[in-house]
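Asker: model.txt is the file, holding compact mmCIF, N, CA and C atoms:
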# COMPACT_ATOMS: atom_id res chain seq x y z
N MET Z 39 94.40 -110.17 -74.15
CA MET Z 39 93.41 -109.31 -73.54
C MET Z 39 92.05 -109.79 -74.00
N ASN Z 40 91.09 -109.83 -73.12
CA ASN Z 40 89.74 -110.31 -73.42
C ASN Z 40 88.80 -109.12 -73.50
N ASP Z 41 88.12 -108.95 -74.66
CA ASP Z 41 87.21 -107.82 -74.84
C ASP Z 41 85.78 -108.18 -74.47
N THR Z 42 85.53 -109.41 -74.02
CA THR Z 42 84.19 -109.82 -73.63
C THR Z 42 83.83 -109.13 -72.32
N PRO Z 43 82.61 -108.60 -72.21
CA PRO Z 43 82.20 -107.95 -70.95
C PRO Z 43 82.33 -108.91 -69.77
N ILE Z 44 82.58 -108.36 -68.59
CA ILE Z 44 82.84 -109.14 -67.39
C ILE Z 44 81.71 -110.12 -67.10
N ASP Z 45 80.44 -109.69 -67.21
CA ASP Z 45 79.32 -110.57 -66.91
C ASP Z 45 79.32 -111.78 -67.83
N GLU Z 46 79.62 -111.60 -69.11
CA GLU Z 46 79.64 -112.71 -70.06
C GLU Z 46 80.82 -113.63 -69.76
N GLN Z 47 81.99 -113.08 -69.30
CA GLN Z 47 83.13 -113.92 -68.95
C GLN Z 47 82.73 -114.87 -67.84
N GLN Z 48 82.01 -114.37 -66.84
CA GLN Z 48 81.61 -115.19 -65.71
C GLN Z 48 80.56 -116.21 -66.13
N GLN Z 49 79.62 -115.85 -67.04
CA GLN Z 49 78.57 -116.76 -67.47
C GLN Z 49 79.12 -117.90 -68.29
N ASP Z 50 80.15 -117.65 -69.11
CA ASP Z 50 80.71 -118.68 -69.98
C ASP Z 50 81.58 -119.68 -69.23
N ALA Z 51 81.97 -119.37 -68.02
CA ALA Z 51 82.86 -120.24 -67.26
C ALA Z 51 82.07 -121.38 -66.63
N PRO Z 52 82.66 -122.58 -66.58
CA PRO Z 52 81.99 -123.69 -65.91
C PRO Z 52 81.78 -123.35 -64.44
N GLU Z 53 80.72 -123.94 -63.86
CA GLU Z 53 80.40 -123.67 -62.46
C GLU Z 53 81.57 -124.07 -61.57
N GLY Z 54 81.95 -123.23 -60.64
CA GLY Z 54 83.03 -123.49 -59.72
C GLY Z 54 84.40 -123.12 -60.26
N ALA Z 55 84.49 -122.70 -61.52
CA ALA Z 55 85.77 -122.33 -62.11
C ALA Z 55 86.16 -120.94 -61.65
N LEU Z 56 87.46 -120.73 -61.52
CA LEU Z 56 87.96 -119.40 -61.21
C LEU Z 56 88.03 -118.62 -62.50
N VAL Z 57 87.57 -117.40 -62.48
CA VAL Z 57 87.56 -116.55 -63.66
C VAL Z 57 88.52 -115.41 -63.43
N GLU Z 58 89.50 -115.27 -64.31
CA GLU Z 58 90.42 -114.15 -64.23
C GLU Z 58 89.80 -113.01 -65.00
N ILE Z 59 89.55 -111.93 -64.32
CA ILE Z 59 88.93 -110.78 -64.94
C ILE Z 59 90.00 -109.74 -65.19
N GLN Z 60 90.16 -109.35 -66.45
CA GLN Z 60 91.16 -108.36 -66.81
C GLN Z 60 90.48 -107.06 -67.16
N ASP Z 61 91.00 -106.00 -66.63
CA ASP Z 61 90.51 -104.67 -66.95
C ASP Z 61 90.99 -104.32 -68.35
N ALA Z 62 90.10 -103.73 -69.14
CA ALA Z 62 90.46 -103.36 -70.51
C ALA Z 62 91.62 -102.37 -70.54
N ASP Z 63 91.81 -101.60 -69.48
CA ASP Z 63 92.88 -100.61 -69.44
C ASP Z 63 94.16 -101.16 -68.81
N GLU Z 64 94.14 -102.44 -68.42
CA GLU Z 64 95.30 -103.04 -67.76
C GLU Z 64 96.48 -103.10 -68.72
N GLN Z 65 97.66 -102.71 -68.24
CA GLN Z 65 98.85 -102.70 -69.07
C GLN Z 65 99.79 -103.81 -68.64
N GLU Z 66 100.64 -104.22 -69.56
CA GLU Z 66 101.66 -105.23 -69.25
C GLU Z 66 102.63 -104.63 -68.23
N PRO Z 67 103.15 -105.44 -67.30
CA PRO Z 67 104.13 -104.91 -66.34
C PRO Z 67 105.39 -104.48 -67.07
N GLU Z 68 106.01 -103.43 -66.54
CA GLU Z 68 107.25 -102.94 -67.13
C GLU Z 68 108.41 -103.83 -66.68
N ILE Z 69 109.34 -104.07 -67.59
CA ILE Z 69 110.52 -104.87 -67.27
C ILE Z 69 111.69 -103.91 -67.13
N SER Z 70 112.34 -103.99 -65.98
CA SER Z 70 113.48 -103.12 -65.71
C SER Z 70 114.70 -103.61 -66.49
N GLU Z 71 115.44 -102.68 -67.06
CA GLU Z 71 116.66 -103.04 -67.77
C GLU Z 71 117.89 -102.85 -66.91
N GLU Z 72 117.70 -102.55 -65.61
CA GLU Z 72 118.83 -102.37 -64.71
C GLU Z 72 119.46 -103.73 -64.43
N ALA Z 73 120.77 -103.72 -64.21
CA ALA Z 73 121.49 -104.95 -63.89
C ALA Z 73 121.03 -105.45 -62.53
N PRO Z 74 120.97 -106.76 -62.34
CA PRO Z 74 120.57 -107.28 -61.03
C PRO Z 74 121.60 -106.91 -59.98
N VAL Z 75 121.13 -106.71 -58.77
CA VAL Z 75 122.02 -106.35 -57.67
C VAL Z 75 122.62 -107.64 -57.11
N VAL Z 76 123.94 -107.68 -57.05
CA VAL Z 76 124.64 -108.85 -56.53
C VAL Z 76 124.96 -108.58 -55.06
N THR Z 77 124.58 -109.52 -54.21
CA THR Z 77 124.88 -109.37 -52.79
C THR Z 77 125.74 -110.55 -52.34
N GLY Z 78 126.19 -110.51 -51.10
CA GLY Z 78 127.04 -111.57 -50.58
C GLY Z 78 128.51 -111.23 -50.82
N THR Z 79 129.36 -112.20 -50.59
CA THR Z 79 130.80 -112.01 -50.74
C THR Z 79 131.13 -111.88 -52.22
N ARG Z 80 131.85 -110.81 -52.57
CA ARG Z 80 132.13 -110.57 -53.99
C ARG Z 80 133.33 -109.65 -54.17
N LEU Z 81 133.92 -109.76 -55.36
CA LEU Z 81 134.98 -108.86 -55.79
C LEU Z 81 134.42 -108.05 -56.96
N VAL Z 82 134.57 -106.74 -56.87
CA VAL Z 82 134.11 -105.86 -57.94
C VAL Z 82 135.34 -105.30 -58.64
N LEU Z 83 135.44 -105.55 -59.94
CA LEU Z 83 136.58 -105.07 -60.72
C LEU Z 83 136.60 -103.56 -60.75
N LYS Z 84 137.79 -103.00 -60.60
CA LYS Z 84 137.96 -101.55 -60.59
C LYS Z 84 138.85 -101.16 -61.77
N ARG Z 85 138.38 -100.18 -62.56
CA ARG Z 85 139.16 -99.67 -63.69
C ARG Z 85 139.12 -98.15 -63.65
N SER Z 86 140.24 -97.53 -63.96
CA SER Z 86 140.35 -96.06 -63.98
C SER Z 86 139.83 -95.45 -62.69
N GLY Z 87 140.11 -96.13 -61.57
CA GLY Z 87 139.74 -95.60 -60.26
C GLY Z 87 138.27 -95.77 -59.90
N GLN Z 88 137.49 -96.43 -60.74
CA GLN Z 88 136.05 -96.58 -60.48
C GLN Z 88 135.66 -98.05 -60.47
N GLU Z 89 134.71 -98.39 -59.59
CA GLU Z 89 134.16 -99.74 -59.61
C GLU Z 89 133.35 -99.92 -60.89
N THR Z 90 133.48 -101.08 -61.52
CA THR Z 90 132.75 -101.39 -62.74
C THR Z 90 131.54 -102.24 -62.39
N ASP Z 91 130.82 -102.65 -63.42
CA ASP Z 91 129.69 -103.56 -63.21
C ASP Z 91 130.11 -105.02 -63.36
N ILE Z 92 131.42 -105.27 -63.39
CA ILE Z 92 131.95 -106.63 -63.46
C ILE Z 92 132.15 -107.13 -62.04
N VAL Z 93 131.33 -108.11 -61.66
CA VAL Z 93 131.29 -108.59 -60.28
C VAL Z 93 131.54 -110.09 -60.27
N PHE Z 94 132.40 -110.53 -59.36
CA PHE Z 94 132.68 -111.95 -59.17
C PHE Z 94 132.17 -112.33 -57.79
N ALA Z 95 131.02 -113.00 -57.74
CA ALA Z 95 130.44 -113.44 -56.47
C ALA Z 95 131.00 -114.82 -56.13
N PHE Z 96 131.20 -115.08 -54.85
CA PHE Z 96 131.75 -116.37 -54.42
C PHE Z 96 131.41 -116.62 -52.97
N SER Z 97 131.63 -117.85 -52.55
CA SER Z 97 131.48 -118.25 -51.15
C SER Z 97 132.83 -118.74 -50.67
N PRO Z 98 133.35 -118.16 -49.57
CA PRO Z 98 134.64 -118.62 -49.05
C PRO Z 98 134.54 -120.03 -48.49
N PRO Z 99 135.60 -120.80 -48.52
CA PRO Z 99 136.90 -120.46 -49.08
C PRO Z 99 136.84 -120.48 -50.60
N ALA Z 100 137.57 -119.56 -51.23
CA ALA Z 100 137.54 -119.45 -52.68
C ALA Z 100 138.95 -119.18 -53.21
N THR Z 101 139.32 -119.96 -54.23
CA THR Z 101 140.59 -119.76 -54.91
C THR Z 101 140.35 -118.83 -56.09
N ILE Z 102 141.22 -117.83 -56.21
CA ILE Z 102 141.11 -116.84 -57.28
C ILE Z 102 142.26 -117.05 -58.25
N GLY Z 103 141.97 -117.06 -59.53
CA GLY Z 103 143.02 -117.25 -60.52
C GLY Z 103 142.45 -117.32 -61.92
N ARG Z 104 143.10 -118.12 -62.77
CA ARG Z 104 142.66 -118.33 -64.16
C ARG Z 104 142.54 -119.83 -64.38
N PHE Z 105 141.45 -120.25 -64.96
CA PHE Z 105 141.28 -121.67 -65.25
C PHE Z 105 142.34 -122.13 -66.24
N ASP Z 106 142.89 -123.28 -65.94
CA ASP Z 106 143.84 -123.94 -66.83
C ASP Z 106 143.64 -125.43 -66.62
N PRO Z 107 143.47 -126.19 -67.71
CA PRO Z 107 143.20 -127.62 -67.55
C PRO Z 107 144.31 -128.38 -66.83
N THR Z 108 145.53 -127.86 -66.82
CA THR Z 108 146.62 -128.58 -66.15
C THR Z 108 146.59 -128.42 -64.63
N VAL Z 109 145.96 -127.32 -64.13
CA VAL Z 109 145.90 -127.11 -62.68
C VAL Z 109 144.47 -127.21 -62.14
N GLY Z 110 143.50 -127.29 -63.03
CA GLY Z 110 142.11 -127.48 -62.61
C GLY Z 110 141.37 -126.17 -62.40
N PRO Z 111 140.11 -126.30 -62.00
CA PRO Z 111 139.24 -125.13 -61.88
C PRO Z 111 139.60 -124.25 -60.69
N VAL Z 112 139.13 -123.01 -60.78
CA VAL Z 112 139.25 -122.06 -59.68
C VAL Z 112 137.85 -121.55 -59.37
N ASP Z 113 137.66 -121.02 -58.17
CA ASP Z 113 136.34 -120.53 -57.78
C ASP Z 113 136.02 -119.18 -58.41
N VAL Z 114 137.03 -118.33 -58.53
CA VAL Z 114 136.87 -117.03 -59.17
C VAL Z 114 137.83 -117.01 -60.35
N ASP Z 115 137.27 -117.15 -61.56
CA ASP Z 115 138.08 -117.24 -62.77
C ASP Z 115 138.23 -115.86 -63.40
N LEU Z 116 139.44 -115.30 -63.33
CA LEU Z 116 139.69 -113.97 -63.87
C LEU Z 116 140.21 -114.02 -65.31
N GLY Z 117 140.20 -115.20 -65.91
CA GLY Z 117 140.65 -115.34 -67.29
C GLY Z 117 139.73 -114.65 -68.29
N THR Z 118 138.54 -114.24 -67.85
CA THR Z 118 137.59 -113.59 -68.75
C THR Z 118 137.78 -112.08 -68.85
N VAL Z 119 138.64 -111.51 -68.02
CA VAL Z 119 138.87 -110.06 -68.08
C VAL Z 119 140.29 -109.81 -68.57
N GLU Z 120 140.49 -108.67 -69.25
CA GLU Z 120 141.81 -108.41 -69.85
C GLU Z 120 142.93 -108.37 -68.80
N GLU Z 121 142.65 -107.94 -67.59
CA GLU Z 121 143.66 -107.90 -66.53
C GLU Z 121 144.05 -109.30 -66.07
N GLY Z 122 143.26 -110.29 -66.44
CA GLY Z 122 143.51 -111.66 -66.01
C GLY Z 122 144.82 -112.24 -66.49
N SER Z 123 145.39 -111.67 -67.54
CA SER Z 123 146.65 -112.22 -68.07
C SER Z 123 147.81 -112.04 -67.08
N TYR Z 124 147.66 -111.15 -66.10
CA TYR Z 124 148.70 -110.93 -65.09
C TYR Z 124 148.40 -111.66 -63.78
N VAL Z 125 147.35 -112.48 -63.80
CA VAL Z 125 146.94 -113.23 -62.61
C VAL Z 125 147.41 -114.67 -62.78
N SER Z 126 148.00 -115.22 -61.73
CA SER Z 126 148.46 -116.61 -61.78
C SER Z 126 147.27 -117.55 -61.83
N ARG Z 127 147.53 -118.77 -62.29
CA ARG Z 127 146.45 -119.76 -62.39
C ARG Z 127 145.79 -120.00 -61.05
N LYS Z 128 146.58 -120.11 -60.02
CA LYS Z 128 146.06 -120.16 -58.64
C LYS Z 128 146.79 -119.06 -57.90
N HIS Z 129 146.19 -117.88 -57.90
CA HIS Z 129 146.85 -116.66 -57.43
C HIS Z 129 146.69 -116.44 -55.93
N ALA Z 130 145.45 -116.46 -55.46
CA ALA Z 130 145.18 -116.15 -54.05
C ALA Z 130 143.95 -116.93 -53.59
N ARG Z 131 143.75 -116.90 -52.29
CA ARG Z 131 142.60 -117.59 -51.69
C ARG Z 131 142.00 -116.66 -50.66
N ILE Z 132 140.67 -116.59 -50.64
CA ILE Z 132 139.97 -115.83 -49.60
C ILE Z 132 139.26 -116.84 -48.71
N VAL Z 133 139.54 -116.74 -47.43
CA VAL Z 133 138.94 -117.64 -46.44
C VAL Z 133 138.15 -116.82 -45.42
N GLN Z 134 137.24 -117.51 -44.75
CA GLN Z 134 136.47 -116.88 -43.69
C GLN Z 134 136.57 -117.74 -42.45
N VAL Z 135 136.95 -117.12 -41.33
CA VAL Z 135 136.98 -117.79 -40.04
C VAL Z 135 136.10 -116.95 -39.12
N ASP Z 136 134.97 -117.52 -38.72
CA ASP Z 136 133.95 -116.79 -37.97
C ASP Z 136 133.52 -115.58 -38.80
N ASP Z 137 133.67 -114.37 -38.28
CA ASP Z 137 133.28 -113.16 -39.02
C ASP Z 137 134.47 -112.46 -39.66
N THR Z 138 135.63 -113.11 -39.69
CA THR Z 138 136.84 -112.51 -40.23
C THR Z 138 137.18 -113.12 -41.58
N TYR Z 139 137.47 -112.25 -42.55
CA TYR Z 139 137.89 -112.70 -43.88
C TYR Z 139 139.38 -112.42 -44.02
N LYS Z 140 140.07 -113.34 -44.71
CA LYS Z 140 141.50 -113.17 -44.96
C LYS Z 140 141.79 -113.51 -46.40
N ILE Z 141 142.79 -112.82 -46.96
CA ILE Z 141 143.29 -113.16 -48.28
C ILE Z 141 144.69 -113.73 -48.10
N GLN Z 142 144.97 -114.80 -48.84
CA GLN Z 142 146.27 -115.46 -48.76
C GLN Z 142 146.84 -115.57 -50.16
N ASP Z 143 148.07 -115.12 -50.34
CA ASP Z 143 148.74 -115.30 -51.63
C ASP Z 143 149.16 -116.76 -51.74
N LEU Z 144 149.01 -117.34 -52.93
CA LEU Z 144 149.33 -118.75 -53.14
C LEU Z 144 150.64 -118.93 -53.91
N GLY Z 145 151.60 -118.02 -53.69
CA GLY Z 145 152.87 -118.09 -54.39
C GLY Z 145 152.78 -117.55 -55.81
N SER Z 146 151.94 -116.55 -56.00
CA SER Z 146 151.71 -115.98 -57.33
C SER Z 146 152.96 -115.31 -57.88
N SER Z 147 153.02 -115.21 -59.19
CA SER Z 147 154.17 -114.56 -59.85
C SER Z 147 154.18 -113.05 -59.64
N ASN Z 148 153.02 -112.41 -59.73
CA ASN Z 148 152.95 -110.94 -59.66
C ASN Z 148 152.45 -110.39 -58.34
N GLY Z 149 152.24 -111.24 -57.36
CA GLY Z 149 151.93 -110.77 -56.01
C GLY Z 149 150.47 -110.43 -55.75
N THR Z 150 150.18 -110.39 -54.45
CA THR Z 150 148.87 -109.99 -53.94
C THR Z 150 149.10 -108.78 -53.06
N TYR Z 151 148.33 -107.72 -53.31
CA TYR Z 151 148.51 -106.45 -52.61
C TYR Z 151 147.18 -106.01 -52.01
N ILE Z 152 147.28 -105.31 -50.88
CA ILE Z 152 146.10 -104.72 -50.26
C ILE Z 152 146.40 -103.25 -50.00
N LEU Z 153 145.40 -102.41 -50.26
CA LEU Z 153 145.58 -100.97 -50.09
C LEU Z 153 145.35 -100.59 -48.64
N ARG Z 154 146.37 -100.08 -48.02
CA ARG Z 154 146.26 -99.50 -46.68
C ARG Z 154 146.53 -98.01 -46.89
N ASP Z 155 147.67 -97.49 -46.48
CA ASP Z 155 148.05 -96.13 -46.86
C ASP Z 155 148.50 -96.13 -48.32
N ASP Z 156 149.17 -97.19 -48.70
CA ASP Z 156 149.62 -97.44 -50.07
C ASP Z 156 149.42 -98.94 -50.27
N PHE Z 157 149.61 -99.42 -51.50
CA PHE Z 157 149.50 -100.85 -51.71
C PHE Z 157 150.66 -101.56 -51.04
N GLU Z 158 150.34 -102.57 -50.23
CA GLU Z 158 151.35 -103.37 -49.55
C GLU Z 158 151.26 -104.80 -50.04
N LYS Z 159 152.41 -105.37 -50.40
CA LYS Z 159 152.44 -106.77 -50.80
C LYS Z 159 152.23 -107.63 -49.56
N VAL Z 160 151.35 -108.62 -49.66
CA VAL Z 160 151.03 -109.45 -48.50
C VAL Z 160 151.11 -110.93 -48.87
N ASP Z 161 151.47 -111.72 -47.87
CA ASP Z 161 151.34 -113.17 -47.98
C ASP Z 161 149.98 -113.57 -47.43
N GLU Z 162 149.55 -112.85 -46.38
CA GLU Z 162 148.22 -113.05 -45.79
C GLU Z 162 147.82 -111.74 -45.11
N ALA Z 163 146.55 -111.38 -45.25
CA ALA Z 163 146.07 -110.15 -44.61
C ALA Z 163 144.58 -110.27 -44.36
N GLU Z 164 144.13 -109.59 -43.32
CA GLU Z 164 142.70 -109.54 -43.01
C GLU Z 164 142.01 -108.61 -44.00
N LEU Z 165 140.81 -108.98 -44.41
CA LEU Z 165 140.01 -108.16 -45.33
C LEU Z 165 138.77 -107.65 -44.63
N LYS Z 166 138.42 -106.42 -44.92
CA LYS Z 166 137.19 -105.82 -44.43
C LYS Z 166 136.38 -105.33 -45.63
N ASP Z 167 135.09 -105.20 -45.45
CA ASP Z 167 134.23 -104.71 -46.52
C ASP Z 167 134.76 -103.37 -47.04
N GLY Z 168 134.92 -103.27 -48.35
CA GLY Z 168 135.40 -102.04 -48.97
C GLY Z 168 136.90 -102.00 -49.20
N ASP Z 169 137.63 -102.99 -48.71
CA ASP Z 169 139.08 -103.02 -48.95
C ASP Z 169 139.37 -103.19 -50.44
N GLU Z 170 140.42 -102.51 -50.87
CA GLU Z 170 140.86 -102.63 -52.26
C GLU Z 170 142.06 -103.57 -52.30
N ILE Z 171 141.99 -104.52 -53.22
CA ILE Z 171 143.09 -105.45 -53.39
C ILE Z 171 143.55 -105.44 -54.83
N SER Z 172 144.78 -105.88 -55.03
CA SER Z 172 145.35 -105.97 -56.37
C SER Z 172 145.97 -107.34 -56.52
N LEU Z 173 145.62 -108.01 -57.59
CA LEU Z 173 146.19 -109.31 -57.94
C LEU Z 173 146.88 -109.09 -59.27
N GLY Z 174 148.22 -109.05 -59.27
CA GLY Z 174 148.91 -108.63 -60.48
C GLY Z 174 148.52 -107.19 -60.75
N ASN Z 175 148.00 -106.89 -61.95
CA ASN Z 175 147.53 -105.52 -62.20
C ASN Z 175 146.01 -105.43 -62.19
N ALA Z 176 145.33 -106.48 -61.75
CA ALA Z 176 143.87 -106.46 -61.63
C ALA Z 176 143.51 -105.91 -60.26
N ARG Z 177 142.68 -104.84 -60.26
CA ARG Z 177 142.29 -104.22 -59.00
C ARG Z 177 140.83 -104.51 -58.71
N PHE Z 178 140.55 -104.78 -57.44
CA PHE Z 178 139.20 -105.13 -57.01
C PHE Z 178 138.86 -104.45 -55.70
N VAL Z 179 137.56 -104.31 -55.46
CA VAL Z 179 137.06 -103.91 -54.16
C VAL Z 179 136.35 -105.13 -53.59
N PHE Z 180 136.70 -105.48 -52.37
CA PHE Z 180 136.11 -106.62 -51.67
C PHE Z 180 134.86 -106.16 -50.94
N HIS Z 181 133.76 -106.89 -51.15
CA HIS Z 181 132.51 -106.58 -50.46
C HIS Z 181 131.92 -107.83 -49.83
N VAL Z 182 131.27 -107.63 -48.68
CA VAL Z 182 130.52 -108.71 -48.04
C VAL Z 182 129.09 -108.26 -47.83
Now, as a test, write the supplied structure out as structure tokens.

Answerer:
Amino acid sequence: MNDTPIDEQQQDAPEGALVEIQDADEQEPEISEEAPVVTGTRLVLKRSGQETDIVFAFSPPATIGRFDPTVGPVDVDLGTVEEGSYVSRKHARIVQVDDTYKIQDLGSSNGTYILRDDFEKVDEAELKDGDEISLGNARFVFHV
């Protein structure tokens, strides 16, 4: 903060220089502590019936699973969450064809489920914004 009067700030500046004039009462901008809003295609982890702040953003096509050096990387790595232990290394894939999203099970051990009236085990199913899916015992809400 500069306590020099405005006229003196302008006089001390070289000719043609831009002078930033600060008001003595000017305050520092406030920094928000809210989590950033994630948009685009994403899976939001659900625990105890509620969406959490754990979000996995991705661009289809995306393989969902757990990283393992023997099978290589995945696009959505669930190995960082406790529910990930029930997810296969390459569990499922989400693809997009035009405006339609689909989830495909990749031969997982514990299955891929989508909530309709009840959870239904699927090999492939269409996904819509807000659909709830389960990979093993990990539950997610799909958002676009």

Asker: Taking 5 positions as the minimum chain separation for residues in the same chain, which residues sit within 5 Å of range 125-136 of chain Z when counting only N, CA and C atoms? Answer as a list in words.

Answerer: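 Listed by chain and then number, they are Pro98, Pro99, Ala100, Thr101, Ile102, Gly103, Arg104, Ile141, Gln142, Asp143, Leu144 and Ser146 of chain Z.
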
Asker: Taking into account all atoms listed in the file, which residue in the set Z:Lys140, Z:Val109, Z:Thr79, Z:Val179 is nearest to Glu162 in chain Z?

Answerer: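 Of Z:Lys140, Z:Val109, Z:Thr79, Z:Val179, the one nearest Glu162 in chain Z is Z:Lys140, counting all atoms listed in the file.
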
Asker: Of the candidates Z:Arg85, Z:Lys166, Z:Lys159, Z:His181, which shows the shortest atom-to-atom distance to Tyr139 in chain Z, using all atoms listed in the file?

Answerer: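 Between Z:Arg85, Z:Lys166, Z:Lys159, Z:His181, the residue approaching Tyr139 in chain Z most closely is Z:Lys166.
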
Asker: Quick check, in Å to one decimal: how far apart do CA of Glu121 in chain Z and CA of Asn175 in chain Z lie?

Answerer: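 Value for the CA of Glu121 in chain Z-CA of Asn175 in chain Z distance: 6.3 Å.
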
Asker: By how many Å are CA of Gly117 in chain Z and CA of Arg154 in chain Z apart?

Answerer: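 Atom-to-atom, CA of Gly117 in chain Z to CA of Arg154 in chain Z, that is 26.6 Å.
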
Asker: Nearest to Val119 in chain Z: which of Z:Leu153, Z:Ala163, Z:Ile92, Z:Glu158 is it, counting only C-alpha atoms?

Answerer: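 Smallest separation from Val119 in chain Z among the options: Z:Ile92.
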
Asker: By how many Å are atom N of Phe180 in chain Z and atom N of Lys84 in chain Z apart?

Answerer: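 We find that atom N of Phe180 in chain Z and atom N of Lys84 in chain Z lie 8.7 Å from each other.
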
Asker: Would you compute an axis-aligned box for range 92-104 of chain Z, covering every atom listed for it in the file with 6 Å of margin on each side, and report centre and edge lengths in Å to one decimal as JSON?

Answerer:
{"center_x": 136.8, "center_y": -113.0, "center_z": -56.4, "size_x": 24.7, "size_y": 27.5, "size_z": 27.9}

Asker: Smallest atom-to-atom distance to Tyr151 in chain Z: which of Z:Asp137, Z:Thr108, Z:Thr90, Z:Ser172, using only C-alpha atoms?

Answerer: Z:Ser172

Asker: Could you give me, as a list in words, each residue of range 112-170 of chain Z that DSSP assigns to strand (DSSP E or B) when run on this structure's backbone?

Answerer: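 Secondary structure check on range 112-170 of chain Z, strand (DSSP E or B): Val114, Asp115, Lys128, His129, Ala130, Arg131, Ile132, Val133, Gln134, Val135, Thr138, Tyr139, Lys140, Ile141, Gln142, Asp143, Thr150, Tyr151, Ile152, Leu153, Phe157, Glu158, Lys159, Glu162, Ala163, Glu164, Leu165 and Glu170 of chain Z.
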
Asker: DSSP on the backbone: what in range 63-168 of chain Z comes out helix (DSSP H, G or I), as a list in words?

Answerer: Leu116, Gly117, Thr118, Glu120, Glu121, Gly122, Ser123 and Tyr124 of chain Z

Asker: Please dump the current selection as a tab-separated table (two decimals), in the coordinates of the input; keep N, CA and C atoms.

Answerer:
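Saved file out_34.tsv follows:
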chain	number	residue	atom	x	y	z
Z	116	LEU	N	139.44	-115.30	-63.33
Z	116	LEU	CA	139.69	-113.97	-63.87
Z	116	LEU	C	140.21	-114.02	-65.31
Z	117	GLY	N	140.20	-115.20	-65.91
Z	117	GLY	CA	140.65	-115.34	-67.29
Z	117	GLY	C	139.73	-114.65	-68.29
Z	118	THR	N	138.54	-114.24	-67.85
Z	118	THR	CA	137.59	-113.59	-68.75
Z	118	THR	C	137.78	-112.08	-68.85
Z	120	GLU	N	140.49	-108.67	-69.25
Z	120	GLU	CA	141.81	-108.41	-69.85
Z	120	GLU	C	142.93	-108.37	-68.80
Z	121	GLU	N	142.65	-107.94	-67.59
Z	121	GLU	CA	143.66	-107.90	-66.53
Z	121	GLU	C	144.05	-109.30	-66.07
Z	122	GLY	N	143.26	-110.29	-66.44
Z	122	GLY	CA	143.51	-111.66	-66.01
Z	122	GLY	C	144.82	-112.24	-66.49
Z	123	SER	N	145.39	-111.67	-67.54
Z	123	SER	CA	146.65	-112.22	-68.07
Z	123	SER	C	147.81	-112.04	-67.08
Z	124	TYR	N	147.66	-111.15	-66.10
Z	124	TYR	CA	148.70	-110.93	-65.09
Z	124	TYR	C	148.40	-111.66	-63.78
